[in-house]
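Enquirer: Sending over run03.tsv (TSV, C-alpha atoms and all ligand atoms).
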```tsv
chain	number	residue	atom	x	y	z
A	1	MET	CA	-85.67	-2.15	58.94
A	2	LEU	CA	-82.17	-3.34	59.69
A	3	PHE	CA	-79.12	-1.19	59.36
A	4	ASP	CA	-75.83	-2.70	58.46
A	5	LEU	CA	-73.43	-0.44	60.33
A	6	ASP	CA	-70.41	-1.80	58.56
A	7	LYS	CA	-71.94	-0.84	55.26
A	8	ILE	CA	-73.03	2.63	56.35
A	9	PHE	CA	-69.57	3.46	57.58
A	10	GLY	CA	-68.02	1.81	54.59
A	11	LYS	CA	-66.06	-0.59	56.77
A	12	LYS	CA	-64.66	-3.40	54.72
A	13	LYS	CA	-64.50	-7.00	55.72
A	14	ASN	CA	-61.14	-8.15	57.11
A	15	SER	CA	-58.86	-9.13	54.28
A	16	LYS	CA	-58.16	-12.43	56.03
A	17	ASP	CA	-61.86	-13.32	55.98
A	18	VAL	CA	-61.98	-12.52	52.29
A	19	ALA	CA	-58.93	-14.73	51.79
A	20	LYS	CA	-60.51	-17.57	53.72
A	21	ASP	CA	-63.80	-17.40	51.81
A	22	ARG	CA	-62.05	-17.31	48.47
A	23	LEU	CA	-59.84	-20.23	49.43
A	24	LYS	CA	-62.74	-22.37	50.56
A	25	LEU	CA	-64.47	-21.80	47.27
A	26	VAL	CA	-61.48	-22.45	45.08
A	27	LEU	CA	-60.60	-25.60	47.02
A	28	ILE	CA	-64.04	-27.08	46.48
A	29	HIS	CA	-63.38	-26.90	42.77
A	30	ASP	CA	-59.78	-28.06	43.03
A	31	ARG	CA	-60.72	-31.02	45.19
A	32	ALA	CA	-63.60	-32.05	42.91
A	33	ASN	CA	-61.27	-31.90	39.92
A	34	VAL	CA	-58.69	-34.04	41.63
A	35	SER	CA	-61.15	-36.93	41.62
A	36	PRO	CA	-62.93	-37.08	38.27
A	37	GLN	CA	-65.26	-39.72	39.69
A	38	PHE	CA	-66.69	-37.22	42.16
A	39	LEU	CA	-69.38	-35.67	39.95
A	40	GLU	CA	-70.12	-39.01	38.29
A	41	MET	CA	-70.86	-40.51	41.68
A	42	ILE	CA	-73.23	-37.69	42.58
A	43	LYS	CA	-74.83	-37.99	39.18
A	44	SER	CA	-75.63	-41.67	39.49
A	45	GLU	CA	-77.01	-41.21	43.01
A	46	ILE	CA	-79.26	-38.36	41.84
A	47	ILE	CA	-80.55	-40.44	38.96
A	48	LYS	CA	-81.36	-43.24	41.36
A	49	VAL	CA	-83.38	-41.00	43.69
A	50	ILE	CA	-85.21	-38.92	41.08
A	51	SER	CA	-86.06	-41.94	38.94
A	52	SER	CA	-88.39	-43.32	41.54
A	53	TYR	CA	-90.53	-40.19	41.21
A	54	MET	CA	-90.00	-39.08	37.64
A	55	ASP	CA	-89.09	-40.38	34.28
A	56	ILE	CA	-85.96	-38.41	33.38
A	57	ASP	CA	-83.72	-38.10	30.36
A	58	GLU	CA	-80.51	-39.47	31.78
A	59	SER	CA	-78.42	-38.71	28.72
A	60	ALA	CA	-79.24	-35.00	28.91
A	61	LEU	CA	-78.63	-34.70	32.63
A	62	ASP	CA	-76.13	-31.96	33.37
A	63	ILE	CA	-74.47	-31.46	36.71
A	64	GLN	CA	-71.82	-28.90	37.63
A	65	LEU	CA	-70.07	-27.36	40.55
A	66	THR	CA	-70.49	-23.59	40.33
A	67	LYS	CA	-70.86	-20.65	42.65
A	68	THR	CA	-73.70	-18.37	43.50
A	69	LYS	CA	-74.25	-15.19	45.52
A	70	SER	CA	-75.05	-15.97	49.13
A	71	ASP	CA	-78.24	-14.70	50.81
A	72	ASP	CA	-76.61	-11.51	52.05
A	73	GLY	CA	-75.52	-10.83	48.48
A	74	GLU	CA	-71.96	-10.21	49.71
A	75	ASN	CA	-70.15	-13.43	49.18
A	76	PHE	CA	-70.05	-16.25	46.76
A	77	VAL	CA	-70.85	-19.71	48.02
A	78	PRO	CA	-70.31	-22.96	46.21
A	79	ALA	CA	-73.38	-24.40	44.52
A	80	LEU	CA	-74.21	-27.67	42.93
A	81	TYR	CA	-76.09	-27.01	39.72
A	82	ALA	CA	-78.15	-29.79	38.22
A	83	SER	CA	-80.29	-29.66	35.11
A	84	ILE	CA	-82.49	-32.74	34.83
A	85	PRO	CA	-84.88	-32.91	31.86
A	86	ILE	CA	-88.14	-34.60	32.92
A	87	ARG	CA	-89.95	-36.82	30.45
A	88	ASN	CA	-92.86	-37.67	32.65
A	89	ILE	CA	-93.88	-37.47	36.30
A	90	LYS	CA	-95.03	-40.73	37.76
A	91	LYS	CA	-98.61	-40.68	38.91
A	92	SER	CA	-98.33	-42.36	42.28
A	93	GLY	CA	-95.14	-40.63	43.13
A	94	LYS	CA	-93.50	-44.04	43.34
B	1	MET	CA	-33.24	-48.16	60.32
B	2	GLY	CA	-33.57	-44.46	59.53
B	3	GLU	CA	-36.50	-42.43	58.35
B	4	VAL	CA	-36.94	-40.44	55.15
B	5	ILE	CA	-38.83	-37.15	55.47
B	6	VAL	CA	-39.69	-35.12	52.38
B	7	ILE	CA	-40.11	-31.34	52.76
B	8	THR	CA	-42.54	-30.17	50.11
B	9	SER	CA	-44.99	-27.36	49.27
B	10	GLY	CA	-46.19	-27.10	45.71
B	11	LYS	CA	-45.54	-23.39	45.56
B	12	GLY	CA	-41.97	-22.14	45.30
B	13	GLY	CA	-40.28	-19.75	47.67
B	14	VAL	CA	-42.27	-20.64	50.78
B	15	GLY	CA	-39.32	-21.99	52.78
B	16	LYS	CA	-38.63	-25.63	51.88
B	17	THR	CA	-34.88	-25.21	51.58
B	18	THR	CA	-34.61	-23.02	54.67
B	19	THR	CA	-36.63	-25.57	56.63
B	20	THR	CA	-34.61	-28.55	55.39
B	21	ALA	CA	-31.38	-26.84	56.44
B	22	ASN	CA	-32.67	-25.90	59.88
B	23	ILE	CA	-34.42	-29.13	60.78
B	24	GLY	CA	-31.41	-31.09	59.55
B	25	THR	CA	-29.00	-29.03	61.62
B	26	GLY	CA	-31.29	-29.29	64.64
B	27	LEU	CA	-31.50	-33.08	64.38
B	28	ALA	CA	-27.71	-33.30	64.09
B	29	LEU	CA	-27.33	-31.08	67.16
B	30	ALA	CA	-29.64	-33.50	68.93
B	31	GLY	CA	-27.14	-36.27	68.23
B	32	GLN	CA	-28.74	-37.82	65.16
B	33	LYS	CA	-26.98	-38.88	61.97
B	34	VAL	CA	-28.58	-36.84	59.20
B	35	VAL	CA	-28.33	-36.58	55.41
B	36	LEU	CA	-29.87	-33.64	53.57
B	37	VAL	CA	-30.72	-34.49	49.97
B	38	ASP	CA	-31.24	-31.62	47.54
B	39	THR	CA	-33.52	-32.86	44.74
B	40	ASP	CA	-33.93	-29.46	43.11
B	41	ILE	CA	-31.81	-30.46	40.13
B	42	GLY	CA	-30.84	-27.47	38.01
B	43	LEU	CA	-31.71	-25.00	40.75
B	44	ARG	CA	-29.70	-26.21	43.69
B	45	ASN	CA	-29.71	-23.99	46.75
B	46	LEU	CA	-29.41	-26.12	49.83
B	47	ASP	CA	-25.61	-25.99	49.46
B	48	VAL	CA	-25.49	-22.20	49.73
B	49	VAL	CA	-28.09	-22.04	52.50
B	50	MET	CA	-25.89	-24.49	54.44
B	51	GLY	CA	-22.69	-22.64	53.49
B	52	LEU	CA	-21.23	-25.76	51.89
B	53	GLU	CA	-21.14	-24.60	48.26
B	54	ASN	CA	-17.37	-24.64	48.00
B	55	ARG	CA	-17.00	-28.26	48.93
B	56	ILE	CA	-19.05	-29.95	46.23
B	57	VAL	CA	-17.28	-32.61	44.18
B	58	TYR	CA	-19.99	-35.07	43.17
B	59	ASP	CA	-23.76	-34.69	43.16
B	60	LEU	CA	-27.06	-36.60	43.22
B	61	VAL	CA	-27.00	-37.36	39.49
B	62	ASP	CA	-23.43	-38.69	39.72
B	63	VAL	CA	-24.64	-41.05	42.44
B	64	VAL	CA	-27.73	-42.41	40.69
B	65	GLU	CA	-25.80	-42.82	37.44
B	66	GLY	CA	-23.23	-44.88	39.28
B	67	PHE	CA	-20.46	-42.41	38.52
B	68	CYS	CA	-19.44	-42.39	42.18
B	69	ARG	CA	-20.45	-44.05	45.44
B	70	VAL	CA	-22.92	-42.32	47.78
B	71	LYS	CA	-20.19	-41.90	50.41
B	72	GLN	CA	-18.00	-40.01	47.96
B	73	ALA	CA	-20.75	-37.53	47.14
B	74	LEU	CA	-21.79	-36.77	50.73
B	75	ILE	CA	-20.34	-33.54	52.05
B	76	LYS	CA	-19.62	-33.72	55.75
B	77	ASP	CA	-20.55	-30.54	57.59
B	78	LYS	CA	-17.54	-29.93	59.83
B	79	ARG	CA	-19.51	-27.64	62.17
B	80	TYR	CA	-22.09	-30.24	63.14
B	81	GLU	CA	-21.22	-33.79	64.02
B	82	GLY	CA	-23.31	-36.26	62.02
B	83	LEU	CA	-24.60	-33.85	59.37
B	84	TYR	CA	-24.13	-34.54	55.65
B	85	LEU	CA	-25.33	-32.96	52.42
B	86	LEU	CA	-25.97	-34.68	49.11
B	87	PRO	CA	-26.11	-31.76	46.67
B	88	ALA	CA	-28.26	-31.59	43.53
B	89	ALA	CA	-26.66	-31.39	40.10
B	90	GLN	CA	-26.69	-27.88	38.74
B	91	THR	CA	-26.16	-28.46	35.03
B	92	ARG	CA	-28.74	-31.21	34.52
B	93	ASP	CA	-32.53	-31.31	34.74
B	94	LYS	CA	-35.17	-33.13	36.78
B	95	THR	CA	-35.44	-35.98	34.25
B	96	SER	CA	-31.86	-37.08	35.01
B	97	VAL	CA	-33.25	-38.96	38.02
B	98	ASN	CA	-36.28	-41.24	38.25
B	99	PRO	CA	-38.40	-42.33	41.22
B	100	GLN	CA	-36.99	-45.88	41.26
B	101	GLN	CA	-33.47	-44.52	41.59
B	102	MET	CA	-34.55	-42.22	44.42
B	103	MET	CA	-36.23	-45.09	46.21
B	104	LYS	CA	-33.08	-47.17	45.98
B	105	LEU	CA	-30.93	-44.27	47.20
B	106	CYS	CA	-33.19	-43.58	50.18
B	107	GLN	CA	-33.20	-47.27	51.07
B	108	GLU	CA	-29.41	-47.29	51.05
B	109	LEU	CA	-29.12	-44.12	53.16
B	110	LYS	CA	-31.64	-45.41	55.71
B	111	GLU	CA	-29.32	-48.30	56.50
B	112	GLU	CA	-26.76	-45.96	57.98
B	113	TYR	CA	-28.39	-42.64	58.90
B	114	ASP	CA	-31.19	-41.78	61.34
B	115	TYR	CA	-32.85	-39.10	59.24
B	116	ILE	CA	-32.81	-38.40	55.52
B	117	LEU	CA	-34.39	-35.04	54.74
B	118	VAL	CA	-35.37	-34.55	51.12
B	119	ASP	CA	-35.63	-30.95	49.93
B	120	CYS	CA	-38.27	-30.97	47.19
B	121	PRO	CA	-38.37	-28.63	44.18
B	122	ALA	CA	-41.46	-26.50	43.47
B	123	GLY	CA	-44.18	-28.00	41.28
B	124	ILE	CA	-45.94	-31.34	40.95
B	125	GLU	CA	-43.98	-32.75	38.04
B	126	GLN	CA	-41.01	-35.11	37.79
B	127	GLY	CA	-39.00	-33.37	40.52
B	128	PHE	CA	-41.84	-33.77	42.99
B	129	LYS	CA	-42.34	-37.40	42.06
B	130	ASN	CA	-38.63	-38.07	42.57
B	131	ALA	CA	-38.57	-36.31	45.92
B	132	ILE	CA	-41.47	-38.24	47.41
B	133	ALA	CA	-40.53	-41.64	45.95
B	134	GLY	CA	-38.53	-42.91	48.91
B	135	ALA	CA	-40.25	-40.92	51.66
B	136	ASP	CA	-41.77	-42.37	54.83
B	137	ARG	CA	-43.20	-39.07	56.07
B	138	ALA	CA	-43.96	-35.68	54.55
B	139	ILE	CA	-43.91	-32.12	55.84
B	140	VAL	CA	-45.97	-29.69	53.78
B	141	ILE	CA	-44.98	-26.04	53.99
B	142	THR	CA	-47.26	-23.12	53.38
B	143	THR	CA	-47.24	-19.42	54.08
B	144	PRO	CA	-50.47	-17.74	55.27
B	145	GLU	CA	-51.42	-16.71	51.74
B	146	VAL	CA	-54.21	-17.84	49.46
B	147	SER	CA	-51.97	-19.14	46.66
B	148	ALA	CA	-49.63	-21.05	48.97
B	149	VAL	CA	-52.47	-22.67	50.94
B	150	ARG	CA	-54.20	-23.66	47.74
B	151	ASP	CA	-51.05	-25.33	46.42
B	152	ALA	CA	-50.50	-27.02	49.78
B	153	ASP	CA	-53.98	-28.52	49.55
B	154	ARG	CA	-53.15	-29.94	46.14
B	155	ILE	CA	-49.91	-31.40	47.46
B	156	VAL	CA	-51.71	-33.03	50.40
B	157	GLY	CA	-54.07	-34.68	47.90
B	158	LEU	CA	-51.18	-35.90	45.75
B	159	LEU	CA	-49.24	-37.21	48.76
B	160	GLU	CA	-52.23	-39.20	49.91
B	161	ALA	CA	-52.76	-40.53	46.39
B	162	ASN	CA	-49.15	-41.74	46.62
B	163	GLU	CA	-49.70	-43.54	49.93
B	164	LEU	CA	-47.96	-40.86	52.00
B	165	ARG	CA	-50.64	-40.54	54.64
B	166	ASN	CA	-50.80	-38.01	57.47
B	167	PRO	CA	-48.53	-35.32	56.11
B	168	LYS	CA	-47.76	-32.63	58.68
B	169	LEU	CA	-48.21	-28.92	58.12
B	170	LEU	CA	-45.57	-26.27	58.71
B	171	ILE	CA	-46.79	-22.70	58.48
B	172	ASN	CA	-43.93	-20.36	57.62
B	173	ARG	CA	-43.56	-16.57	57.64
B	174	MET	CA	-46.40	-16.01	60.10
B	175	ARG	CA	-46.82	-12.39	61.19
B	176	ILE	CA	-48.65	-12.00	64.45
B	177	ASP	CA	-49.15	-8.24	63.94
B	178	MET	CA	-50.96	-8.86	60.66
B	179	VAL	CA	-53.05	-11.67	62.14
B	180	LYS	CA	-54.05	-9.35	64.98
B	181	ARG	CA	-55.37	-6.67	62.67
B	182	GLY	CA	-57.23	-9.23	60.58
B	183	ASP	CA	-54.98	-9.02	57.55
B	184	MET	CA	-53.48	-12.48	57.69
B	185	MET	CA	-55.10	-15.88	58.08
B	186	SER	CA	-54.43	-17.33	61.52
B	187	ILE	CA	-53.09	-20.77	62.34
B	188	ASP	CA	-56.62	-21.92	63.09
B	189	ASP	CA	-57.93	-20.56	59.78
B	190	ILE	CA	-55.31	-22.49	57.83
B	191	ILE	CA	-55.70	-25.72	59.76
B	192	ASP	CA	-59.44	-25.42	59.40
B	193	ILE	CA	-59.06	-25.26	55.63
B	194	LEU	CA	-56.35	-27.86	55.09
B	195	ALA	CA	-57.51	-30.25	57.81
B	196	ILE	CA	-54.10	-31.78	58.53
B	197	GLY	CA	-51.98	-31.95	61.68
B	198	LEU	CA	-49.60	-29.14	62.55
B	199	ILE	CA	-45.87	-29.69	63.13
B	200	GLY	CA	-45.01	-26.05	63.76
B	201	VAL	CA	-45.31	-22.37	62.96
B	202	VAL	CA	-42.28	-20.29	62.00
B	203	PRO	CA	-42.56	-16.52	62.25
B	204	ASP	CA	-41.47	-14.18	59.50
B	205	ASP	CA	-38.02	-13.29	60.72
B	206	GLU	CA	-35.35	-11.11	59.14
B	207	ARG	CA	-32.69	-13.13	60.93
B	208	ILE	CA	-33.38	-15.85	58.38
B	209	VAL	CA	-32.06	-13.52	55.70
B	210	VAL	CA	-29.00	-12.71	57.81
B	211	SER	CA	-28.32	-16.37	58.50
B	212	THR	CA	-28.75	-17.27	54.84
B	213	ASN	CA	-26.28	-14.51	53.93
B	214	ARG	CA	-23.75	-16.19	56.18
B	215	GLY	CA	-24.61	-19.78	55.29
B	216	GLU	CA	-25.35	-20.58	58.95
B	217	PRO	CA	-28.75	-22.06	59.82
B	218	VAL	CA	-30.86	-19.79	62.06
B	219	ILE	CA	-31.62	-22.66	64.46
B	220	ASN	CA	-28.39	-21.78	66.27
B	221	ASP	CA	-29.48	-18.19	66.79
B	222	GLU	CA	-30.71	-18.02	70.37
B	223	LYS	CA	-32.41	-14.67	69.86
B	224	SER	CA	-34.29	-15.59	66.72
B	225	GLY	CA	-38.01	-16.41	66.89
B	226	ALA	CA	-37.62	-18.56	63.78
B	227	GLY	CA	-34.72	-20.37	65.45
B	228	GLN	CA	-36.88	-21.12	68.49
B	229	ALA	CA	-39.70	-22.35	66.26
B	230	TYR	CA	-37.33	-24.69	64.42
B	231	ARG	CA	-35.93	-26.00	67.71
B	232	ASN	CA	-39.47	-26.90	68.76
B	233	ILE	CA	-40.19	-28.56	65.41
B	234	VAL	CA	-37.07	-30.72	65.74
B	235	ARG	CA	-38.25	-31.92	69.14
B	236	ARG	CA	-41.69	-32.73	67.71
B	237	ILE	CA	-40.12	-34.69	64.85
B	238	LYS	CA	-38.27	-36.74	67.46
B	239	GLY	CA	-41.62	-37.52	69.06
B	240	GLU	CA	-41.69	-35.05	71.95
B	241	GLU	CA	-44.85	-33.16	72.85
B	242	VAL	CA	-43.98	-29.48	72.66
B	243	PRO	CA	-46.67	-26.85	73.14
B	244	PHE	CA	-47.13	-24.38	70.31
B	245	MET	CA	-45.90	-20.81	70.69
B	246	SER	CA	-48.73	-18.32	70.72
B	247	PHE	CA	-49.27	-16.56	67.42
B	248	ASP	CA	-52.88	-15.68	66.94
B	249	ASN	CA	-55.58	-14.04	68.96
B	250	ASP	CA	-57.43	-17.13	70.06
B	251	GLN	CA	-54.33	-18.87	71.30
B	252	GLY	CA	-53.10	-15.71	72.97
B	253	PHE	CA	-56.35	-15.60	74.84
B	254	MET	CA	-56.07	-19.22	75.90
B	255	ILE	CA	-52.58	-18.65	77.20
B	256	LYS	CA	-53.66	-15.58	79.18
B	257	LEU	CA	-56.51	-17.61	80.58
B	258	LYS	CA	-54.16	-20.43	81.55
B	259	LYS	CA	-51.84	-17.93	83.24
B	260	LEU	CA	-54.78	-16.47	85.13
B	261	LEU	CA	-55.72	-19.93	86.28
B	262	GLY	CA	-52.14	-20.59	87.27
B	263	LEU	CA	-51.60	-23.20	84.59
B	264	LYS	CA	-48.25	-23.11	82.87
B	265	ALA	CA	-48.38	-21.86	79.32
B	266	ASP	CA	-45.68	-22.21	76.67
A	301	LIG	N1	-39.57	-17.37	58.17
A	301	LIG	C1	-38.98	-16.60	57.25
A	301	LIG	N2	-38.77	-15.26	57.48
A	301	LIG	C2	-38.16	-14.50	56.55
A	301	LIG	N3	-37.71	-14.95	55.37
A	301	LIG	C3	-37.89	-16.24	55.07
A	301	LIG	C4	-38.52	-17.14	55.99
A	301	LIG	N4	-38.55	-18.37	55.42
A	301	LIG	C5	-37.97	-18.25	54.21
A	301	LIG	N5	-37.56	-16.98	53.99
A	301	LIG	C6	-36.90	-16.46	52.77
A	301	LIG	O1	-37.74	-16.79	51.66
A	301	LIG	C7	-36.97	-17.13	50.53
A	301	LIG	C8	-37.39	-18.49	49.99
A	301	LIG	O2	-37.04	-19.49	50.93
A	301	LIG	P1	-36.57	-20.94	50.46
A	301	LIG	O3	-36.31	-21.73	51.70
A	301	LIG	O4	-35.50	-20.85	49.44
A	301	LIG	O5	-37.92	-21.45	49.78
A	301	LIG	P2	-38.18	-22.71	48.80
A	301	LIG	O6	-37.09	-23.69	49.02
A	301	LIG	O7	-39.52	-23.23	49.22
A	301	LIG	O8	-38.22	-22.16	47.41
A	301	LIG	C9	-35.53	-17.07	50.96
A	301	LIG	O9	-34.99	-15.86	50.53
A	301	LIG	C10	-35.60	-17.15	52.47
A	301	LIG	O10	-34.52	-16.48	53.07
A	302	MG	MG	-35.77	-24.57	47.52
```
Hey, can you dump this file as structure tokens for me?
Expert:
Amino acid sequence: MLFDLDKIFGKKKNSKDVAKDRLKLVLIHDRANVSPQFLEMIKSEIIKVISSYMDIDESALDIQLTKTKSDDGENFVPALYASIPIRNIKKSGK
Amino acid sequence: MGEVIVITSGKGGVGKTTTTANIGTGLALAGQKVVLVDTDIGLRNLDVVMGLENRIVYDLVDVVEGFCRVKQALIKDKRYEGLYLLPAAQTRDKTSVNPQQMMKLCQELKEEYDYILVDCPAGIEQGFKNAIAGADRAIVITTPEVSAVRDADRIVGLLEANELRNPKLLINRMRIDMVKRGDMMSIDDIIDILAIGLIGVVPDDERIVVSTNRGEPVINDEKSGAGQAYRNIVRRIKGEEVPFMSFDNDQGFMIKLKKLLGLKAD
């Protein structure tokens, strides 16, 4: 069993670390939005890779930049979310 | 042939005008011929920060509209040899000037002056586009706050999209006491996030308010920390290598270490 001393004594994270984490997250979104091609590029690369293993529905492929709770459940971290409908998995895996 | 440097930030109130006035004065004191151009049309301020508000006859819009010659609109600062101000128009708006006109104006000024400093308005609209149009270099100002750093990042992206590569960062209103207790992002934190080169760090300094009250740039104030920081920035702009003053924990440690080892610190 591990004790998180900071939590027990109710010590908060430095406000500057909070600021830095929030900034990093918001900038990932800002920077991705600055270049609209960014997600499209990722999308076409993903299609290329997955297609050699599976038959996917390209038109229904959805990819987004979001955030998710980190492992320690304290912070948010950026996450790439991709929903890729599979039509069929190729037998040989190739 | 002179050089055009735009002072920009995205967010308002972070110190663009104060910085333009101080760097300009510093360059003039260093023997350079300098023109300060206020492009904040409708919200001009560089004139009052410089203490030249009573001497305005013509302005930037008069010049680009051909109503007067550039020379007629330049206000000569009698205190500093070689320093001139081209004030913004107060009763017009940002659309009274376009980027082509700014480019032409900067080209003309470069023929005769060593440095043209362009004080940029807040925002990323027409005023920003005008201000960067004729620029060779850019200085991006931020304060150590989330909103200002975020806007600075956006500005860096827009500058690069407009072929203004390698903008330099100026961090203003740094408070070492707050950094020490973990309540303000340090220089390293900000550089880490923005990933651009640093031109200088100016402390939060009440003498700036005093100097602005008087219309006398703080760079002349020997006792002011901000004045010292601006003097260093001027030397860096002229191409000198000047070590950075210590502001945050890590650097403070390095300097102590250097002192211990007998190496000279800043
Ligand atoms: N380093 C500093 N310390 C204290 N006050 C400052 C400092 N830099 C700027 N200020 C103050 O902040 C305000 C905004 O500065 P200004 O240069 O007008 O910003 P901007 O041109 O970016 O809108 C002014 O009142 C100025 O006196
Ligand atoms: Mg201003």
Enquirer: Name the residues within 6 Å of (-37.3, -32.9, 41.8), counting all atoms listed in the file in the file's coordinates, and put them as a PyMOL selection string.
Expert: chain B and resi 39-40+94+120-121+126-128+130-131
Enquirer: Show me, as a ChimeraX atom specification, the residues of chain A whose atoms get within 10 Å of chain B, using only C-alpha atoms for the distance check.
Expert: /A:13-24,26-27,30-31,34-35
Enquirer: Ligand MG 302 (chain A): which residues are within 8 Å, counting all atoms listed in the file, as a VMD selection string?
Expert: chain B and resid 12 to 13 15 to 18 40 43 to 46 119 to 122
Enquirer: Give me, please, the distance in Å between atom CA of Lys129 of chain B and atom CA of Val61 of chain B, quoted to one decimal.
Expert: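 Atom CA of Val61 of chain B lies at a distance of 15.6 Å from atom CA of Lys129 of chain B.
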Enquirer: Would you kindly return, as a PyMOL selection string, each protein, DNA or RNA residue with an atom no farther than 12 Å from any atom of segment 87-90 of chain A, considering all atoms listed in the file and excluding same-chain residues fewer than 3 positions away?
Expert: chain A and resi 50-61+84+93-94
Enquirer: Expressed in Å to a single decimal, how great is the separation between atom O2 of ligand LIG 301 (chain A) and atom CA of Gly200 of chain B?
Expert: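 Interatomic distance, atom O2 of ligand LIG 301 (chain A) to atom CA of Gly200 of chain B: 16.5 Å.
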Enquirer: With all atoms listed in the file as the basis for distance, which of B:Ser9, B:Ser211, B:Gln101, B:Gln90 is at the shortest distance from Val63 of chain B?
Expert: B:Gln101
Enquirer: For the atom pair atom CA of Glu206 of chain B and atom CA of Ile5 of chain B, what is the interatomic distance in Å to one decimal place?
Expert: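 Going from atom CA of Glu206 of chain B over to atom CA of Ile5 of chain B, I get 26.5 Å.
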Enquirer: Could you give me, as a list in words, the residues within 8 Å of segment 71-80 of chain B, counting all atoms listed in the file and dropping anything in the same chain fewer than 6 positions from it?
Expert: Thr25, Ala28, Leu29, Leu52, Arg55, Ile56, Val57, Tyr58, Asp59, Leu60, Asp62, Val63, Leu86 and Pro87 of chain B
Enquirer: Pick the closest to ligand LIG 301 (chain A) from B:Val34, B:Leu27, B:Ala21, B:Ala89: which is it, counting all atoms listed in the file?
Expert: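 The shortest atom-to-atom distance to ligand LIG 301 (chain A) comes from B:Ala21.
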Enquirer: Go through A:Asn33, A:Lys12, A:Lys67, A:Ser83 and flag the residue nearest Ile46 of chain A, using all atoms listed in the file for the distances.
Expert: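 Among the listed residues, A:Ser83 lies closest to Ile46 of chain A.
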Enquirer: Emit as lines of an AutoDock Vina configuration file the padded axis-aligned box for all listed atoms of segment 55-59 of chain B, 4 Å per side, with centre and edge lengths in Å to one decimal.
Expert:
```
center_x = -20.4
center_y = -31.7
center_z = 46.0
size_x = 14.8
size_y = 14.8
size_z = 13.8
```
Enquirer: Restricting the calculation to all atoms listed in the file, which member of B:Ala133, B:Leu159, B:Ala195, B:Ile23 is positioned closest to ligand LIG 301 (chain A)?
Expert: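 When distances to ligand LIG 301 (chain A) are compared using all atoms listed in the file, the smallest one comes from B:Ile23.
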Enquirer: Quick one: residues within 8 Å of Asn172 of chain B, all atoms listed in the file, excluding same-chain residues fewer than 2 positions away - as a ChimeraX atom specification?
Expert: /B:14-15,141-144,170,174,201-204
Enquirer: Between B:Ala138, B:Leu164, B:Ala148, B:Ile187, which is the closest to ligand LIG 301 (chain A) once you count all atoms listed in the file?
Expert: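 Closest residue, counting all atoms listed in the file: B:Ala148.
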Enquirer: Could I get the residues of segment 22-119 of chain B with an atom no further than 9 Å from an atom of segment 216-238 of chain B, each paired with its nearest atom pair and that distance in Å to one decimal, using only C-alpha atoms, sorted by chain and residue number, as a Markdown table?
Expert:
```
| residue | atom | partner | partner_atom | distance |
| --- | --- | --- | --- | --- |
| B:Asn22 | CA | B:Pro217 | CA | 5.5 |
| B:Ile23 | CA | B:Val234 | CA | 5.8 |
| B:Gly24 | CA | B:Val234 | CA | 8.4 |
| B:Thr25 | CA | B:Pro217 | CA | 7.2 |
| B:Gly26 | CA | B:Val234 | CA | 6.1 |
| B:Leu27 | CA | B:Val234 | CA | 6.2 |
| B:Ala30 | CA | B:Val234 | CA | 8.6 |
| B:Val49 | CA | B:Glu216 | CA | 7.2 |
| B:Met50 | CA | B:Glu216 | CA | 6.0 |
| B:Gly51 | CA | B:Glu216 | CA | 6.4 |
```
Enquirer: Return segment 146-155 of chain B, completed with N, CA and C atoms, as a PDB file, in the frame of the given file.
Expert:
```
ATOM      1  N   VAL B 146     -53.241 -17.057  50.213  1.00  0.00           N
ATOM      2  CA  VAL B 146     -54.210 -17.840  49.460  1.00  0.00           C
ATOM      3  C   VAL B 146     -53.525 -18.804  48.477  1.00  0.00           C
ATOM      4  N   SER B 147     -52.579 -18.294  47.687  1.00  0.00           N
ATOM      5  CA  SER B 147     -51.970 -19.140  46.660  1.00  0.00           C
ATOM      6  C   SER B 147     -51.180 -20.286  47.267  1.00  0.00           C
ATOM      7  N   ALA B 148     -50.452 -20.007  48.339  1.00  0.00           N
ATOM      8  CA  ALA B 148     -49.630 -21.050  48.970  1.00  0.00           C
ATOM      9  C   ALA B 148     -50.502 -22.120  49.619  1.00  0.00           C
ATOM     10  N   VAL B 149     -51.585 -21.697  50.276  1.00  0.00           N
ATOM     11  CA  VAL B 149     -52.470 -22.670  50.940  1.00  0.00           C
ATOM     12  C   VAL B 149     -53.169 -23.526  49.886  1.00  0.00           C
ATOM     13  N   ARG B 150     -53.563 -22.901  48.803  1.00  0.00           N
ATOM     14  CA  ARG B 150     -54.200 -23.660  47.740  1.00  0.00           C
ATOM     15  C   ARG B 150     -53.259 -24.738  47.190  1.00  0.00           C
ATOM     16  N   ASP B 151     -52.010 -24.357  46.940  1.00  0.00           N
ATOM     17  CA  ASP B 151     -51.050 -25.330  46.420  1.00  0.00           C
ATOM     18  C   ASP B 151     -50.761 -26.420  47.451  1.00  0.00           C
ATOM     19  N   ALA B 152     -50.731 -26.029  48.720  1.00  0.00           N
ATOM     20  CA  ALA B 152     -50.500 -27.020  49.780  1.00  0.00           C
ATOM     21  C   ALA B 152     -51.625 -28.057  49.782  1.00  0.00           C
ATOM     22  N   ASP B 153     -52.836 -27.602  49.569  1.00  0.00           N
ATOM     23  CA  ASP B 153     -53.980 -28.520  49.550  1.00  0.00           C
ATOM     24  C   ASP B 153     -53.828 -29.547  48.420  1.00  0.00           C
ATOM     25  N   ARG B 154     -53.359 -29.071  47.284  1.00  0.00           N
ATOM     26  CA  ARG B 154     -53.150 -29.940  46.140  1.00  0.00           C
ATOM     27  C   ARG B 154     -52.065 -30.971  46.454  1.00  0.00           C
ATOM     28  N   ILE B 155     -51.007 -30.502  47.090  1.00  0.00           N
ATOM     29  CA  ILE B 155     -49.910 -31.400  47.460  1.00  0.00           C
ATOM     30  C   ILE B 155     -50.386 -32.465  48.443  1.00  0.00           C
TER      31      ILE B 155
END
```
